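Enquirer: What follows is start-v4.cif, made up of mmCIF, C-alpha atoms:
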data_input
#
loop_
_atom_site.label_atom_id
_atom_site.label_comp_id
_atom_site.auth_asym_id
_atom_site.auth_seq_id
_atom_site.Cartn_x
_atom_site.Cartn_y
_atom_site.Cartn_z
CA MET A 1 33.32 55.99 21.89
CA LYS A 2 33.69 52.54 20.23
CA LYS A 3 31.70 50.93 23.06
CA LEU A 4 29.06 53.61 22.71
CA VAL A 5 28.74 52.91 18.98
CA LEU A 6 28.44 49.15 19.60
CA LEU A 7 25.81 49.74 22.29
CA SER A 8 23.89 52.02 19.98
CA ALA A 9 23.99 49.42 17.21
CA ALA A 10 22.80 46.71 19.61
CA LEU A 11 19.92 48.86 20.79
CA THR A 12 18.99 49.61 17.20
CA LEU A 13 18.96 45.88 16.41
CA VAL A 14 16.71 45.18 19.39
CA ALA A 15 14.43 48.01 18.36
CA VAL A 16 14.19 46.68 14.80
CA SER A 17 13.43 43.18 16.10
CA SER A 18 10.75 44.56 18.41
CA VAL A 19 9.17 46.55 15.61
CA SER A 20 9.18 43.48 13.37
CA ALA A 21 7.37 41.46 16.04
CA GLN A 22 4.90 44.28 16.62
CA ASP A 23 4.30 44.57 12.88
CA LEU A 24 2.92 41.02 12.70
CA THR A 25 -0.84 40.89 12.24
CA GLY A 26 -3.57 38.35 11.61
CA ARG A 27 -2.74 34.67 11.60
CA LEU A 28 1.02 35.19 11.61
CA LYS A 29 0.77 37.10 14.89
CA LYS A 30 -1.53 34.46 16.34
CA ILE A 31 0.85 31.67 15.30
CA LYS A 32 3.89 33.57 16.60
CA ASP A 33 2.18 34.28 19.94
CA THR A 34 0.87 30.75 20.48
CA GLY A 35 3.62 28.77 18.75
CA THR A 36 0.86 26.74 17.12
CA LEU A 37 -0.42 26.36 13.56
CA THR A 38 -3.80 24.63 13.24
CA LEU A 39 -4.43 22.60 10.10
CA GLY A 40 -7.89 21.41 9.13
CA TYR A 41 -8.06 17.87 7.75
CA ARG A 42 -10.72 15.61 6.20
CA ASP A 43 -11.36 12.01 7.22
CA SER A 44 -12.28 10.45 3.87
CA SER A 45 -10.99 12.63 1.00
CA ILE A 46 -8.71 9.98 -0.49
CA PRO A 47 -5.92 10.63 -1.47
CA PHE A 48 -5.88 14.29 -0.41
CA SER A 49 -6.68 14.19 3.29
CA TYR A 50 -7.94 11.10 5.09
CA LEU A 51 -7.40 8.84 8.08
CA ASP A 52 -5.30 5.72 7.78
CA ASP A 53 -5.75 2.51 9.79
CA ASN A 54 -4.08 4.17 12.76
CA GLN A 55 -6.41 7.19 12.58
CA LYS A 56 -3.51 9.35 11.40
CA SER A 57 -4.29 12.15 8.95
CA ILE A 58 -2.37 11.58 5.71
CA GLY A 59 -2.56 12.51 2.05
CA TYR A 60 -1.36 14.72 -0.80
CA SER A 61 -2.84 17.90 0.68
CA MET A 62 -1.55 17.07 4.15
CA ASP A 63 2.00 16.66 2.82
CA ILE A 64 1.75 20.03 1.07
CA CYS A 65 0.48 21.63 4.27
CA TYR A 66 3.32 20.17 6.34
CA ASN A 67 5.74 21.80 3.89
CA ILE A 68 3.86 25.08 4.31
CA ALA A 69 4.16 24.69 8.09
CA ASP A 70 7.94 24.44 7.73
CA ALA A 71 7.94 27.64 5.67
CA ILE A 72 5.85 29.46 8.30
CA LYS A 73 8.19 28.28 11.05
CA SER A 74 11.19 29.56 9.11
CA HIS A 75 9.50 32.88 8.27
CA LEU A 76 8.61 33.52 11.91
CA LYS A 77 12.06 32.32 13.07
CA LEU A 78 10.46 29.98 15.59
CA PRO A 79 12.70 27.35 17.23
CA LYS A 80 9.68 25.06 17.32
CA LEU A 81 6.23 25.14 15.74
CA ASN A 82 3.45 22.96 17.11
CA VAL A 83 1.19 21.72 14.30
CA ALA A 84 -2.29 21.02 15.66
CA LEU A 85 -4.82 19.05 13.61
CA ALA A 86 -8.54 19.83 13.59
CA PRO A 87 -11.18 17.73 11.78
CA VAL A 88 -13.35 19.62 9.29
CA THR A 89 -16.18 18.64 6.96
CA SER A 90 -17.39 20.11 3.69
CA ALA A 91 -19.92 22.12 5.70
CA THR A 92 -17.58 23.37 8.47
CA ARG A 93 -14.28 24.01 6.68
CA ILE A 94 -15.01 27.58 5.53
CA PRO A 95 -16.64 28.76 8.80
CA LEU A 96 -13.77 27.33 10.87
CA ILE A 97 -11.21 29.20 8.76
CA ALA A 98 -13.28 32.39 8.88
CA ASN A 99 -13.72 32.36 12.68
CA GLY A 100 -10.05 31.62 13.37
CA THR A 101 -10.40 28.09 14.74
CA VAL A 102 -8.39 26.69 11.80
CA ASP A 103 -5.51 28.54 10.13
CA LEU A 104 -5.23 26.52 6.92
CA GLU A 105 -7.51 23.83 5.50
CA CYS A 106 -5.76 20.89 3.86
CA GLY A 107 -8.34 18.93 1.94
CA SER A 108 -10.06 18.80 -1.44
CA THR A 109 -11.77 22.16 -1.68
CA THR A 110 -12.82 23.82 -4.92
CA ASN A 111 -11.74 27.41 -5.37
CA ASN A 112 -14.55 29.47 -6.90
CA ALA A 113 -15.78 33.07 -7.00
CA GLU A 114 -18.55 32.48 -4.47
CA ARG A 115 -16.21 31.04 -1.85
CA GLN A 116 -13.66 33.80 -2.45
CA GLN A 117 -16.16 36.19 -0.90
CA GLN A 118 -15.60 34.41 2.43
CA VAL A 119 -12.05 33.01 2.28
CA SER A 120 -8.90 33.07 0.17
CA PHE A 121 -7.13 30.20 -1.56
CA ALA A 122 -3.52 29.16 -2.01
CA PRO A 123 -2.30 28.46 -5.56
CA THR A 124 -4.16 25.54 -7.14
CA THR A 125 -2.57 22.15 -6.49
CA PHE A 126 -5.07 19.91 -8.28
CA VAL A 127 -7.69 20.20 -11.02
CA THR A 128 -10.64 17.84 -11.13
CA ALA A 129 -14.22 17.73 -12.48
CA THR A 130 -17.72 16.77 -11.34
CA ARG A 131 -18.80 13.30 -12.45
CA PHE A 132 -20.95 10.60 -10.88
CA VAL A 133 -20.27 7.10 -9.62
CA ALA A 134 -22.86 4.33 -9.87
CA LYS A 135 -23.10 0.57 -10.06
CA LYS A 136 -22.39 -0.73 -13.57
CA SER A 137 -25.62 -2.73 -13.35
CA SER A 138 -27.63 0.50 -13.11
CA LYS A 139 -26.76 1.39 -16.72
CA LEU A 140 -26.82 5.12 -15.94
CA ASN A 141 -24.91 7.22 -18.47
CA ASP A 142 -26.03 10.85 -18.37
CA LEU A 143 -28.24 13.31 -16.49
CA SER A 144 -31.32 12.43 -18.52
CA ASP A 145 -31.16 8.91 -17.04
CA PHE A 146 -31.73 10.30 -13.54
CA LYS A 147 -35.25 11.68 -13.96
CA GLY A 148 -37.20 10.96 -10.80
CA LYS A 149 -34.33 9.06 -9.18
CA THR A 150 -32.67 9.56 -5.80
CA VAL A 151 -29.06 10.76 -5.92
CA VAL A 152 -26.58 11.94 -3.33
CA SER A 153 -23.81 14.51 -2.97
CA THR A 154 -21.84 15.74 0.02
CA ALA A 155 -23.24 18.62 2.08
CA GLY A 156 -21.43 21.94 1.73
CA THR A 157 -19.82 21.13 -1.63
CA SER A 158 -19.89 23.02 -4.93
CA ASN A 159 -21.00 19.73 -6.52
CA LEU A 160 -24.19 19.68 -4.44
CA LYS A 161 -24.91 23.30 -5.37
CA TRP A 162 -24.42 22.56 -9.07
CA LEU A 163 -26.54 19.40 -8.85
CA THR A 164 -29.40 21.23 -7.13
CA GLU A 165 -29.37 24.07 -9.65
CA THR A 166 -29.18 21.69 -12.62
CA ASN A 167 -32.02 19.57 -11.23
CA GLY A 168 -34.25 22.65 -11.23
CA LYS A 169 -33.15 24.05 -14.59
CA GLU A 170 -33.62 20.77 -16.44
CA ASN A 171 -36.74 19.67 -14.54
CA LEU A 172 -35.21 16.30 -13.73
CA GLY A 173 -37.28 15.74 -10.60
CA MET A 174 -34.38 14.09 -8.79
CA GLN A 175 -34.52 13.65 -5.03
CA ILE A 176 -31.14 14.91 -3.83
CA ILE A 177 -29.77 13.73 -0.48
CA PRO A 178 -26.98 15.76 1.18
CA ALA A 179 -24.58 13.30 2.87
CA LYS A 180 -22.40 14.25 5.82
CA ASP A 181 -19.20 13.12 4.06
CA HIS A 182 -17.91 11.30 0.98
CA ALA A 183 -17.73 7.90 2.64
CA ASP A 184 -21.36 8.16 3.76
CA ALA A 185 -22.46 9.22 0.27
CA PHE A 186 -20.67 6.29 -1.36
CA LEU A 187 -22.26 3.92 1.15
CA MET A 188 -25.72 5.22 0.19
CA VAL A 189 -25.14 4.13 -3.41
CA ASP A 190 -23.59 0.84 -2.35
CA SER A 191 -26.60 0.04 -0.16
CA GLY A 192 -29.14 1.06 -2.82
CA ARG A 193 -30.45 4.15 -1.03
CA ALA A 194 -29.27 6.32 -3.93
CA ALA A 195 -28.70 5.64 -7.63
CA ALA A 196 -25.50 7.67 -7.91
CA PHE A 197 -23.07 9.92 -6.06
CA PHE A 198 -22.10 13.19 -7.77
CA MET A 199 -18.69 14.43 -6.69
CA ASP A 200 -15.20 15.39 -7.90
CA ASP A 201 -13.97 12.55 -10.08
CA ILE A 202 -10.64 12.06 -8.30
CA LEU A 203 -12.45 11.45 -5.01
CA LEU A 204 -14.75 8.97 -6.74
CA TYR A 205 -11.77 7.10 -8.21
CA GLY A 206 -10.27 6.86 -4.72
CA LEU A 207 -13.48 5.52 -3.20
CA VAL A 208 -13.92 2.95 -5.96
CA ALA A 209 -10.29 1.79 -5.80
CA ASN A 210 -10.56 1.24 -2.05
CA SER A 211 -13.99 -0.43 -2.14
CA LYS A 212 -14.53 -4.16 -1.59
CA SER A 213 -15.52 -4.78 -5.22
CA PRO A 214 -14.04 -2.09 -7.53
CA ASP A 215 -15.13 -3.95 -10.67
CA GLN A 216 -18.83 -3.39 -9.94
CA TRP A 217 -18.50 0.41 -10.13
CA MET A 218 -18.38 2.93 -12.96
CA VAL A 219 -17.50 6.63 -13.02
CA SER A 220 -19.24 8.66 -15.71
CA SER A 221 -17.21 9.47 -18.81
CA LYS A 222 -18.80 12.91 -19.08
CA ALA A 223 -17.46 15.73 -16.92
CA TYR A 224 -19.97 18.39 -15.87
CA THR A 225 -17.82 21.06 -14.19
CA VAL A 226 -14.17 22.08 -13.70
CA GLU A 227 -13.01 22.09 -10.06
CA PRO A 228 -9.62 23.64 -9.13
CA TYR A 229 -8.46 22.67 -5.64
CA GLY A 230 -6.54 24.95 -3.29
CA MET A 231 -5.79 25.11 0.43
CA ILE A 232 -8.21 27.47 2.17
CA GLU A 233 -6.67 30.58 3.74
CA PRO A 234 -8.28 33.34 5.83
CA LYS A 235 -9.60 36.26 3.80
CA ASP A 236 -8.02 39.74 3.96
CA ASP A 237 -4.77 38.53 5.51
CA PRO A 238 -2.19 39.38 2.84
CA ALA A 239 0.87 38.73 5.02
CA PHE A 240 -0.22 35.17 5.86
CA LYS A 241 -1.32 34.54 2.28
CA LYS A 242 2.05 35.61 0.92
CA VAL A 243 3.96 33.20 3.17
CA VAL A 244 1.63 30.32 2.28
CA ASP A 245 1.51 31.10 -1.43
CA ASP A 246 5.27 31.54 -1.66
CA ALA A 247 5.73 28.14 -0.02
CA VAL A 248 3.40 26.44 -2.52
CA VAL A 249 5.04 28.14 -5.51
CA ALA A 250 8.49 27.14 -4.21
CA MET A 251 7.31 23.51 -4.04
CA MET A 252 6.11 23.75 -7.63
CA LYS A 253 9.37 25.26 -8.87
CA SER A 254 11.53 22.74 -6.99
CA GLY A 255 9.64 19.71 -8.30
CA GLU A 256 8.33 18.77 -4.85
CA VAL A 257 4.68 18.95 -5.93
CA GLU A 258 5.38 16.54 -8.79
CA LYS A 259 7.11 14.15 -6.37
CA LEU A 260 4.11 14.26 -4.05
CA TYR A 261 1.80 13.69 -7.00
CA GLN A 262 3.70 10.53 -7.91
CA LYS A 263 3.55 9.40 -4.27
CA TRP A 264 -0.22 9.80 -3.92
CA PHE A 265 -1.62 9.24 -7.42
CA ASN A 266 0.80 6.82 -9.08
CA SER A 267 2.06 4.66 -6.21
CA PRO A 268 0.42 2.25 -3.74
CA ILE A 269 -1.20 4.22 -0.91
CA PRO A 270 -2.70 3.27 2.47
CA PRO A 271 -4.83 1.70 3.73
CA ARG A 272 -5.01 -1.03 1.06
CA ASN A 273 -1.88 -0.20 -0.95
CA VAL A 274 -3.99 0.56 -4.01
CA ASN A 275 -2.39 2.52 -6.86
CA LEU A 276 -4.91 5.00 -8.28
CA LYS A 277 -2.87 5.28 -11.49
CA VAL A 278 -4.10 8.78 -12.29
CA PRO A 279 -1.68 10.58 -14.64
CA MET A 280 -1.15 14.28 -14.08
CA SER A 281 -3.61 16.28 -16.18
CA ASP A 282 -2.55 18.92 -18.70
CA SER A 283 -4.46 21.44 -16.58
CA LEU A 284 -2.33 20.73 -13.52
CA LYS A 285 0.89 20.75 -15.56
CA LYS A 286 -0.14 24.21 -16.78
CA VAL A 287 -0.71 25.39 -13.20
CA ILE A 288 2.64 24.07 -11.98
CA ALA A 289 4.39 25.93 -14.82
CA ASN A 290 2.40 29.10 -14.12
CA PRO A 291 0.95 29.05 -10.58
CA THR A 292 -2.44 30.68 -10.07
CA ASP A 293 -5.07 31.02 -7.35
CA SER A 294 -7.82 31.81 -9.84
CA GLY A 295 -11.29 30.52 -9.10
CA ASP A 296 -12.37 30.89 -12.73
CA PRO A 297 -12.85 27.47 -14.39
CA ALA A 298 -11.84 29.00 -17.71
CA ALA A 299 -8.30 29.47 -16.40
CA TYR A 300 -7.90 25.68 -16.31
CA ARG A 301 -9.33 24.72 -19.68
#
I'd like the structure from this file rewritten - as structure tokens, please.
Expert:
Amino acid sequence: MKKLVLLSAALTLVAVSSVSAQDLTGRLKKIKDTGTLTLGYRDSSIPFSYLDDNQKSIGYSMDICYNIADAIKSHLKLPKLNVALAPVTSATRIPLIANGTVDLECGSTTNNAERQQQVSFAPTTFVTATRFVAKKSSKLNDLSDFKGKTVVSTAGTSNLKWLTETNGKENLGMQIIPAKDHADAFLMVDSGRAAAFFMDDILLYGLVANSKSPDQWMVSSKAYTVEPYGMIEPKDDPAFKKVVDDAVVAMMKSGEVEKLYQKWFNSPIPPRNVNLKVPMSDSLKKVIANPTDSGDPAAYR
């Protein structure tokens, strides 16, 4: 009888394990079945996700995503999890998440209501704002100075959308060029093909700090929009979202996010060992204390 009870208990345990595996859906099932998590990375979003001198993907967002990968591995009880890396751009990041090519995008993506119709976002891990970078010699200070001028922003970004809409509303007559990536946009201003590059200020600070002549550049003092960053997740996949979100919140509560912030924003970083010296904003401190995945700019003011 004792052996029968033990056998019954063992069979019950196997049955429960089988049901648990069968209950997996969406990305968690895909990751469990393949043993692979695919992270999307950017090549020039300093210091969030970019390539170093060895063409290795590094950055603040990448470090956060590697921590998330560990949490997924633990949740799925996998002995080993292969983390594959897939390059994405501002234009391809959302489609590649939506079609299942990429499981989680680790870059510098603004969470807003429009994008939430296509994808979900992990809790916000950075808060920035739209500004412009230009040569100091250009003496450009505000939008009114750009009437009839050529400017650039990166294709597929919320900044480009805002710039295009503002250009029409205020009848500025700007010629707006959509660049393939941030590095290309910055180069257009450096070479004189555009008067300024409108983008998230933290990305502009990174580009200036790593340029050949940082002293010749200026970033506008006026901020035009609020941009909360979050890792992109697939939409309508609550089980995957919970694992990812719980991992991010745990990093915030443990102090890991603050450590990573110090590493990437207040310490020398590759490739030129430049220290961006960007103190943590009050908005981000607020988010760390009370995590949110809101896409409403008002939640960060």
Enquirer: Could you expand the PyMOL selection byres ((chain A and resi 134) around 6) into the explicit residues it covers here, written as a ChimeraX atom specification?
Expert: /A:133,135,196,217-218
Enquirer: Rounded to one decimal in Å, what is the spacing between CA of Asp63 in chain A and CA of Ser281 in chain A?
Expert: 19.8 Å
Enquirer: Sorted by chain and rising residue number, which residues of range 17-96 of chain A lie within 8 Å of range 166-190 of chain A, and what are their closest atom pairs and distances in Å to one decimal, counting all atoms listed in the file, as a Markdown table?
Expert:
| residue | atom | partner | partner_atom | distance |
| --- | --- | --- | --- | --- |
| A:Ser44 | CA | A:Ala183 | CA | 6.1 |
| A:Ser45 | CA | A:His182 | CA | 7.0 |
| A:Thr89 | CA | A:Asp181 | CA | 6.9 |
| A:Ser90 | CA | A:Asp181 | CA | 7.2 |
Enquirer: CA of Asn54 in chain A and CA of Ser267 in chain A are how many Å apart?
Expert: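 Going from CA of Asn54 in chain A over to CA of Ser267 in chain A, I get 19.9 Å.
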Enquirer: Tell me which of A:Leu37, A:Val151, A:Leu260, A:Val226 sits closest to Asn112 in chain A, counting all atoms listed in the file.
Expert: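 Checking each candidate against Asn112 in chain A, we get A:Val226 as the closest.
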Enquirer: In Å to one decimal, how far is CA of Tyr229 in chain A from CA of Thr125 in chain A?
Expert: 6.0 Å
Enquirer: Here is a test: counting all atoms listed in the file, which residue of A:Asp296, A:Glu258, A:Glu227, A:Asp246 is nearest to Trp162 in chain A?
Expert: A:Glu227
Enquirer: Would you kindly identify which residues have an atom no farther than 10 Å from (-18.2, 21.9, -17.8), using only C-alpha atoms and the file's own coordinates, and write them out as a PyMOL selection string?
Expert: chain A and resi 129-130+222-227+297-298+301
Enquirer: Skip range 91-101 of chain A itself and residues of its chain fewer than 4 positions away, then list as a ChimeraX atom specification all residues within 12 Å of it, counting all atoms listed in the file.
Expert: /A:26-28,30-31,36-42,84-87,105-111,114-121,154-158,160,178-182,231-237
Enquirer: Excluding Asn266 in chain A and residues on its chain fewer than 4 positions from it, collect all residues at most 8 Å away from it, counting all atoms listed in the file, and give them as number ranges by chain.
Expert: A: 261-262, 275-279
Enquirer: Nearest residue to Leu203 in chain A out of A:Thr25, A:Arg131, A:Asp33, A:Asn290, using only C-alpha atoms?
Expert: A:Arg131
Enquirer: For Val219 in chain A, which residue out of A:Asn141, A:Ser191, A:Thr34, A:Asn67 is the nearest one, using all atoms listed in the file?
Expert: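 For Val219 in chain A, the nearest of the given residues is A:Asn141.
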Enquirer: Which is closer to Pro271 in chain A than all the others in A:Gly206, A:Pro123, A:Pro238, A:Pro291, using all atoms listed in the file?
Expert: A:Gly206
Enquirer: Return the single residue from A:Leu24, A:Ala299, A:Leu104, A:Leu81 that is closest to Cys65 in chain A, with distances computed using all atoms listed in the file.
Expert: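 Distance minimum relative to Cys65 in chain A lands on A:Leu104.
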